[in-house]
Each structure stands twice: as C-alpha cells, then as structure tokens.
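Visitor: There's a structure below that I have some questions on.
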Amino acid sequence: PRFLADSLALRWEGAGLQMRLHVLAREGSAEFALTPPAGLQTVRVSLPGLWRVEQLEVRVEGTGQGRLEALSLAHTALGESRPVVLATGFRLRHLADVKIYEHLQALPRVYLVGTVRRVPAAAVLPTLADPAFDPEREVVVAHEEWPEDWPAATGPAGRVQIVADRPEHLVVRVEVDRPAVLVVTTSYYPGWTARLDGESVPLRRVNYLFQGISVPAGVHIVRLDYAPASLRAGLFLAAGTALGALALTLGLGWRAGRARPL
C-alpha cells in the first residue's frame with residue numbers, strides 16, 4: 001500500500017527562485033507556490049488531509065540558482081516519514097536506520113566487452129565522463145597500462161557465467177568467439193592475481209577503477225585470487241616462528257633427557 005502522508009518536506013538550497021509543487025494523490029490533487037529563503041532550508045508543506053500520494057512534480061521559476069537535495073512524505077501524528085527517490089534509475093529497497101537504494105542501471109558483477117579504447121593516462125577520467133562512452137561495449141585504459149593495440153570490434157563479445165564468488169576468490173566461465181575483455185567490477189588493487197585456464201595472465205586496470213583480463217576466442221575458465229604481499233609475509237613469519245618454537249621445544253626435551261640420572 002502507498003504511504004499515507006499529511007505533509008511534505010523539501011530540502012532546498014538556493015536563492016532567487018520560486019517553486020510550484022503539484023501533488024497528485026488518490027484523494028485529489030493540489031498545487032502549492034513556494035518561495036524558499038536563501039541558503040540551505042527545509043520547507044514543509046501541509047496537505048489537505050491524509051493522502052496516498054502517487055505523483056509529485058516540482059517546477060522551478062526565476063533567474064536564480066538552486067538545488068533540490070531531498071524530498072520526503074510525512075505522517076505527522078505517527079512520526080513517520082518516507083523519502084522520495086529523486087534520481088532516476090534508483091529504487092528504495094530498505095528503509096530503517098539505514099536507507100538502501102538499488103541502482104537499476106548498475107553494471108553486472110562481471111561482463112564482456114569487445115573494444116579497448118587506449119588514451120593517455122590524463123585522459124582516462126575525461127573519457128569516462130564523455131556521454132559518448134558506453135561501458136557495456138568498451139573499456140578505457142591508459143597507454144602505459146595496456147601497451148598493445150586491440151582490434152576494433154562491434155556486437156556482443158560472448159557469454160560469461162560466475163562459477164564461484166567469495167570475497168577473495170572468483171571463478172568465471174567465459175565463452176567468446178573472438179578476443180574480448182572480461183571486466184570485473186572489483187577495485188583494481190595490488191594483491192589480486194589472475195589465471196586463465198590455470199596459467200598466470202596480466203590483470204589490467206580498466207575504466208580507471210576496475211579489473212580487466214584479456215581473453216582469447218574459445219571457452220575458458222578465469223580465476224582471480226587476492227593474496228597481498230603483507231599476508232604472505234605474515235604467513236612466512238608465523239611459519240618461521242612456529243618452526244623455531246618447535247625446534248626449541250625439541251632441543252630442551254633432548255637436553256632434559258640427557259641430564260636424567262640413571
């Protein structure tokens with residue numbers, strides 16, 4: 001059921017602007033003219049009654065500047081409120097002390113692309129911000145991090161399936177009919193290693209933040225593992241300490257046995 005509200009709260013920052021708020025509910029409709037004070041303000045609007053709001057429209061008029069930062073419905077008597085998602089492509093999935101939103105257009109955990117766009121390191125972020133960039137079709141890499149050329153390609157690159165997915169371990173089955181790049185939306189960070197069909201392969205940084213593995217045509221198993229140098233050093237140190245303690249224990253036991261009177 002839709003949330004019953006008797007008021008609205010708008011978090012607004014700006015100056016020199018007027019707002020017209022149109023509310024459509026099952027119980028009726030209403031329009032409010034608002035002139036928020038300058039600066040960051042919370043503007044509250046009382047509805048004619050308890051309404052099940054279905055649509056909200058905010059129109060801004062004037063020559064100033066402003067930004068609507070938050071909008072929520074409220075049931076004053078119950079002390080309850082419900083945030084309204086302002087950005088497109090998001091859905092509220094959990095509402096409690098912490099609000100969790102689902103990004104409806106987020107890229108999958110792993111996916112394939114067929115095109116590599118190589119640019120100077122300083123141009124990676126501007127290229128990613130370019131509206132013409134399509135993350136589902138290509139990756140952007142720095143010349144220094146991906147020195148070899150990549151053949152131009154169009155169309156779907158193939159199919160990918162996650163076989164195992166744990167915090168420090170990922171196994172993926174890849175099936176491609178031409179060379180492709182497997183993109184893993186895990187942060188590129190030292191300590192990650194990649195294997196293709198059991199053989200070690202380079203793990204590249206793609207799209208500034210994520211991991212990428214070059215995959216030849218065919219069916220392959222790609223495995224990624226996280227084992228930072230600090231962890232390996234700690235394991236070696238722990239093993240050395242354990243061996244030292246064992247040797248000391250055996251040595252003391254041997255000496256005690258030698259000193260025992262007949």
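Chain identifiers are assigned as A, B, and so on, following the order in which chains appear in the structure tokens; residues are numbered from 1 within each chain, and ligands are numbered from 1 in order of appearance.
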Find the residues near range 126-141 of chain A: any atom within 6 Å, counting only C-alpha atoms, skip ones fewer than 2 places away on the same chain, and give them as a PDB file with C-alpha atoms, in the first residue's frame.
Guide:
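Resulting contents of result.pdb:
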ATOM      1  CA  VAL A 113      33.338  -6.069 -23.934  1.00  0.00           C
ATOM      2  CA  THR A 115      36.552  -2.849 -27.664  1.00  0.00           C
ATOM      3  CA  VAL A 116      39.537  -1.305 -25.869  1.00  0.00           C
ATOM      4  CA  ARG A 117      39.980   2.449 -26.098  1.00  0.00           C
ATOM      5  CA  ARG A 118      43.577   3.406 -25.296  1.00  0.00           C
ATOM      6  CA  ALA A 123      42.585  11.489 -20.442  1.00  0.00           C
ATOM      7  CA  VAL A 124      41.095   8.384 -18.787  1.00  0.00           C
ATOM      8  CA  VAL A 206      40.262  -0.716 -16.862  1.00  0.00           C
ATOM      9  CA  ASN A 207      37.821   2.184 -16.597  1.00  0.00           C
TER      10      ASN A 207
END
Visitor: When you look at Arg44 in chain A with a cut-off of 8 Å (counting only C-alpha atoms), what residues show up, excluding the ones that are within fewer than 3 positions of it in the same chain? I need them as a ChimeraX atom specification.
Guide: /A:7-10
Visitor: Go through A:Tyr188, A:Trp12, A:Tyr111, A:Trp51 one by one, measure the shortest atom-to-atom distance of each to Tyr226 in chain A using only C-alpha atoms, and give the residue with the smallest value.
Guide: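 Answer, going by the shortest atom-to-atom distance: A:Tyr188.
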Visitor: DSSP on the backbone, then: every residue of range 18-258 of chain A marked strand (DSSP E), written as JSON, numbers by chain.
Guide: {"A": [18, 19, 20, 21, 22, 23, 24, 25, 28, 29, 30, 31, 32, 33, 34, 39, 40, 41, 42, 43, 44, 45, 46, 47, 48, 49, 50, 51, 52, 53, 54, 55, 56, 57, 58, 59, 60, 61, 62, 63, 64, 65, 66, 67, 68, 69, 70, 71, 72, 73, 74, 75, 80, 81, 82, 83, 90, 91, 92, 93, 94, 95, 99, 100, 101, 102, 103, 110, 111, 112, 113, 115, 116, 117, 118, 119, 138, 139, 140, 141, 142, 158, 159, 160, 161, 162, 163, 164, 165, 166, 169, 170, 171, 172, 173, 174, 175, 176, 180, 181, 182, 183, 184, 192, 193, 194, 195, 196, 199, 200, 201, 204, 205, 206, 210, 211, 212, 213, 214, 215, 218, 219, 220, 221, 222, 223, 224, 225, 226]}
Visitor: Please identify all polymer residues within 8 Å of range 161-172 of chain A, counting only C-alpha atoms, omitting same-chain residues fewer than 6 positions from it, and present them as a CSV table (one decimal) with all heavy atoms, in the first residue's frame.
Guide:
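Once everything was written out, this is part-v1.csv:
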chain,number,residue,atom,x,y,z
A,110,VAL,N,30.4,-9.2,-13.4
A,110,VAL,CA,31.3,-9.5,-14.4
A,110,VAL,C,30.6,-9.3,-15.8
A,110,VAL,O,29.4,-9.7,-15.9
A,110,VAL,CB,32.0,-10.9,-14.3
A,110,VAL,CG1,32.8,-11.0,-13.1
A,110,VAL,CG2,30.9,-12.0,-14.3
A,221,ILE,N,38.2,-20.8,-18.4
A,221,ILE,CA,38.0,-20.6,-17.0
A,221,ILE,C,39.0,-19.5,-16.5
A,221,ILE,O,40.2,-19.7,-16.6
A,221,ILE,CB,38.1,-21.9,-16.2
A,221,ILE,CG1,37.1,-22.9,-16.6
A,221,ILE,CG2,38.0,-21.6,-14.7
A,221,ILE,CD1,35.6,-22.5,-16.3
A,222,VAL,N,38.4,-18.5,-16.0
A,222,VAL,CA,39.3,-17.4,-15.4
A,222,VAL,C,39.1,-17.4,-13.9
A,222,VAL,O,38.0,-17.5,-13.4
A,222,VAL,CB,38.8,-16.0,-15.9
A,222,VAL,CG1,39.7,-14.9,-15.3
A,222,VAL,CG2,38.9,-16.0,-17.5
A,223,ARG,N,40.3,-17.4,-13.2
A,223,ARG,CA,40.3,-17.4,-11.7
A,223,ARG,C,41.0,-16.2,-11.2
A,223,ARG,O,42.1,-15.9,-11.7
A,223,ARG,CB,40.9,-18.7,-11.2
A,223,ARG,CG,41.1,-18.7,-9.7
A,223,ARG,CD,41.6,-20.1,-9.3
A,223,ARG,NE,42.0,-20.0,-7.8
A,223,ARG,CZ,41.9,-21.0,-7.0
A,223,ARG,NH1,41.6,-22.2,-7.5
A,223,ARG,NH2,42.3,-20.9,-5.8
A,224,LEU,N,40.4,-15.5,-10.3
A,224,LEU,CA,41.1,-14.4,-9.6
A,224,LEU,C,41.2,-14.7,-8.1
A,224,LEU,O,40.2,-15.2,-7.5
A,224,LEU,CB,40.3,-13.1,-9.8
A,224,LEU,CG,40.4,-12.4,-11.2
A,224,LEU,CD1,39.4,-13.1,-12.1
A,224,LEU,CD2,40.1,-10.9,-11.1
A,225,ASP,N,42.3,-14.4,-7.6
A,225,ASP,CA,42.6,-14.6,-6.1
A,225,ASP,C,43.2,-13.3,-5.5
A,225,ASP,O,44.0,-12.7,-6.2
A,225,ASP,CB,43.5,-15.8,-5.9
A,225,ASP,CG,42.8,-17.1,-6.3
A,225,ASP,OD1,41.9,-17.5,-5.6
A,225,ASP,OD2,43.2,-17.6,-7.4
A,226,TYR,N,42.9,-13.1,-4.3
A,226,TYR,CA,43.5,-12.0,-3.6
A,226,TYR,C,44.4,-12.5,-2.5
A,226,TYR,O,44.0,-13.1,-1.5
A,226,TYR,CB,42.4,-11.1,-3.0
A,226,TYR,CG,43.0,-9.9,-2.2
A,226,TYR,CD1,43.7,-8.9,-2.9
A,226,TYR,CD2,42.8,-9.7,-0.9
A,226,TYR,CE1,44.2,-7.8,-2.3
A,226,TYR,CE2,43.3,-8.6,-0.2
A,226,TYR,CZ,44.0,-7.6,-0.9
A,226,TYR,OH,44.5,-6.5,-0.3
A,227,ALA,N,45.7,-12.2,-2.6
A,227,ALA,CA,46.7,-12.6,-1.6
A,227,ALA,C,47.8,-11.5,-1.5
A,227,ALA,O,48.8,-11.6,-2.2
A,227,ALA,CB,47.3,-13.9,-2.0
Visitor: Between A:Arg67, A:Arg52, A:His220, A:Arg20, which has the minimum distance to Ala38 in chain A (counting only C-alpha atoms)?
Guide: A:Arg67
Visitor: Skipping near chain neighbours, those fewer than 3 positions away, what residues fall within 7 Å of Glu175 in chain A using only C-alpha atoms, listed as JSON, numbers by chain?
Guide: {"A": [158, 159, 160, 218, 219, 220]}
Visitor: Which polymer residues have any atom within 10 Å of an atom of Glu69 in chain A, counting only C-alpha atoms, with same-chain residues fewer than 4 positions away left out, as a PyMOL selection string?
Guide: chain A and resi 10-13+40-42+86
Visitor: Which one is closest to Asp177 in chain A: A:Arg204, A:Ala217, A:Leu17, A:His143? Count only C-alpha atoms.
Guide: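 Counting only C-alpha atoms, the residue closest to Asp177 in chain A is A:Ala217.
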Visitor: Just the number, please: distance in Å from CA of Pro228 in chain A to CA of Ala142 in chain A, one decimal.
Guide: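 Result for CA of Pro228 in chain A versus CA of Ala142 in chain A: 23.9 Å, one decimal.
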Visitor: Quick one: of A:Asp6, A:Gly66, A:Glu27, A:Ser187, who's nearest to Ser81 in chain A, counting only C-alpha atoms?
Guide: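 Closest to Ser81 in chain A of all the choices is A:Asp6.
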Visitor: Identify, on the basis of only C-alpha atoms, every residue whose closest approach to Leu50 in chain A does not exceed 12 Å; exclude the query and any residue fewer than 4 positions from it along the same chain; express the result as a PyMOL selection string.
Guide: chain A and resi 2-8+25-28+46+73-78
Visitor: Those selected residues, please, written with N, CA and C atoms and delivered as a PDB file, in the first residue's frame.
Guide:
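New file part.pdb:
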ATOM      1  N   ARG A   2       0.340   2.320  -0.620  1.00  0.00           N
ATOM      2  CA  ARG A   2       1.082   3.569  -0.652  1.00  0.00           C
ATOM      3  C   ARG A   2       1.090   4.222   0.724  1.00  0.00           C
ATOM      4  N   PHE A   3       2.140   5.010   0.963  1.00  0.00           N
ATOM      5  CA  PHE A   3       2.340   5.654   2.250  1.00  0.00           C
ATOM      6  C   PHE A   3       1.307   6.771   2.436  1.00  0.00           C
ATOM      7  N   LEU A   4       0.651   6.779   3.593  1.00  0.00           N
ATOM      8  CA  LEU A   4      -0.291   7.845   3.926  1.00  0.00           C
ATOM      9  C   LEU A   4       0.479   9.030   4.490  1.00  0.00           C
ATOM     10  N   ALA A   5       0.291  10.201   3.892  1.00  0.00           N
ATOM     11  CA  ALA A   5       1.039  11.381   4.313  1.00  0.00           C
ATOM     12  C   ALA A   5       0.093  12.557   4.512  1.00  0.00           C
ATOM     13  N   ASP A   6       0.440  13.376   5.499  1.00  0.00           N
ATOM     14  CA  ASP A   6      -0.308  14.615   5.693  1.00  0.00           C
ATOM     15  C   ASP A   6       0.543  15.846   5.420  1.00  0.00           C
ATOM     16  N   SER A   7       1.824  15.637   5.073  1.00  0.00           N
ATOM     17  CA  SER A   7       2.696  16.771   4.784  1.00  0.00           C
ATOM     18  C   SER A   7       3.884  16.316   3.951  1.00  0.00           C
ATOM     19  N   LEU A   8       4.584  17.302   3.409  1.00  0.00           N
ATOM     20  CA  LEU A   8       5.795  17.080   2.629  1.00  0.00           C
ATOM     21  C   LEU A   8       6.911  17.922   3.220  1.00  0.00           C
ATOM     22  N   ALA A  25      -2.744  12.657  -5.800  1.00  0.00           N
ATOM     23  CA  ALA A  25      -2.985  11.539  -4.892  1.00  0.00           C
ATOM     24  C   ALA A  25      -4.313  10.892  -5.239  1.00  0.00           C
ATOM     25  N   ARG A  26      -4.583   9.744  -4.625  1.00  0.00           N
ATOM     26  CA  ARG A  26      -5.870   9.084  -4.843  1.00  0.00           C
ATOM     27  C   ARG A  26      -7.021   9.949  -4.345  1.00  0.00           C
ATOM     28  N   GLU A  27      -6.725  10.738  -3.321  1.00  0.00           N
ATOM     29  CA  GLU A  27      -7.782  11.545  -2.706  1.00  0.00           C
ATOM     30  C   GLU A  27      -8.006  12.873  -3.417  1.00  0.00           C
ATOM     31  N   GLY A  28      -7.134  13.261  -4.337  1.00  0.00           N
ATOM     32  CA  GLY A  28      -7.297  14.529  -5.030  1.00  0.00           C
ATOM     33  C   GLY A  28      -5.958  15.065  -5.496  1.00  0.00           C
ATOM     34  N   SER A  46       1.886  21.420   4.224  1.00  0.00           N
ATOM     35  CA  SER A  46       0.804  20.598   4.766  1.00  0.00           C
ATOM     36  C   SER A  46      -0.182  20.242   3.664  1.00  0.00           C
ATOM     37  N   LEU A  73       7.851  12.354   2.276  1.00  0.00           N
ATOM     38  CA  LEU A  73       6.470  12.389   2.737  1.00  0.00           C
ATOM     39  C   LEU A  73       6.466  12.125   4.237  1.00  0.00           C
ATOM     40  N   ALA A  74       5.511  12.713   4.942  1.00  0.00           N
ATOM     41  CA  ALA A  74       5.488  12.556   6.399  1.00  0.00           C
ATOM     42  C   ALA A  74       4.065  12.349   6.897  1.00  0.00           C
ATOM     43  N   HIS A  75       3.952  11.493   7.914  1.00  0.00           N
ATOM     44  CA  HIS A  75       2.708  11.316   8.669  1.00  0.00           C
ATOM     45  C   HIS A  75       2.995  11.877  10.055  1.00  0.00           C
ATOM     46  N   THR A  76       2.563  13.112  10.289  1.00  0.00           N
ATOM     47  CA  THR A  76       2.954  13.838  11.492  1.00  0.00           C
ATOM     48  C   THR A  76       2.490  13.148  12.763  1.00  0.00           C
ATOM     49  N   ALA A  77       1.252  12.676  12.788  1.00  0.00           N
ATOM     50  CA  ALA A  77       0.703  12.080  14.006  1.00  0.00           C
ATOM     51  C   ALA A  77       1.473  10.828  14.418  1.00  0.00           C
ATOM     52  N   LEU A  78       1.914  10.051  13.443  1.00  0.00           N
ATOM     53  CA  LEU A  78       2.648   8.819  13.745  1.00  0.00           C
ATOM     54  C   LEU A  78       4.148   9.045  13.865  1.00  0.00           C
TER      55      LEU A  78
END
Visitor: I need the residues in range 16-171 of chain A that are alpha helix (DSSP H) according to DSSP; give them as number ranges by chain.
Guide: A: 124-129
Visitor: Any chance you can output those residues with N, CA and C atoms as a compact mmCIF listing (two decimals), in the first residue's frame?
Guide:
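Below you can see out_38.txt, which holds the result:
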# COMPACT_ATOMS: atom_id res chain seq x y z
N VAL A 124 41.98 9.50 -19.14
CA VAL A 124 41.10 8.38 -18.79
C VAL A 124 39.80 8.89 -18.17
N LEU A 125 39.89 9.70 -17.12
CA LEU A 125 38.68 10.18 -16.45
C LEU A 125 37.82 11.06 -17.36
N PRO A 126 38.38 12.02 -18.11
CA PRO A 126 37.53 12.78 -19.03
C PRO A 126 36.84 11.90 -20.07
N THR A 127 37.50 10.84 -20.52
CA THR A 127 36.88 9.94 -21.49
C THR A 127 35.71 9.18 -20.86
N LEU A 128 35.88 8.75 -19.62
CA LEU A 128 34.79 8.06 -18.92
C LEU A 128 33.60 8.98 -18.70
N ALA A 129 33.86 10.28 -18.53
CA ALA A 129 32.77 11.24 -18.30
C ALA A 129 32.09 11.67 -19.59
Visitor: Given only C-alpha atoms as the basis, pick out the residue of A:Ala152, A:Ala70, A:Pro147, A:Phe32 nearest to Pro120 in chain A.
Guide: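 Looking at the shortest contact to Pro120 in chain A, the residue is A:Pro147.
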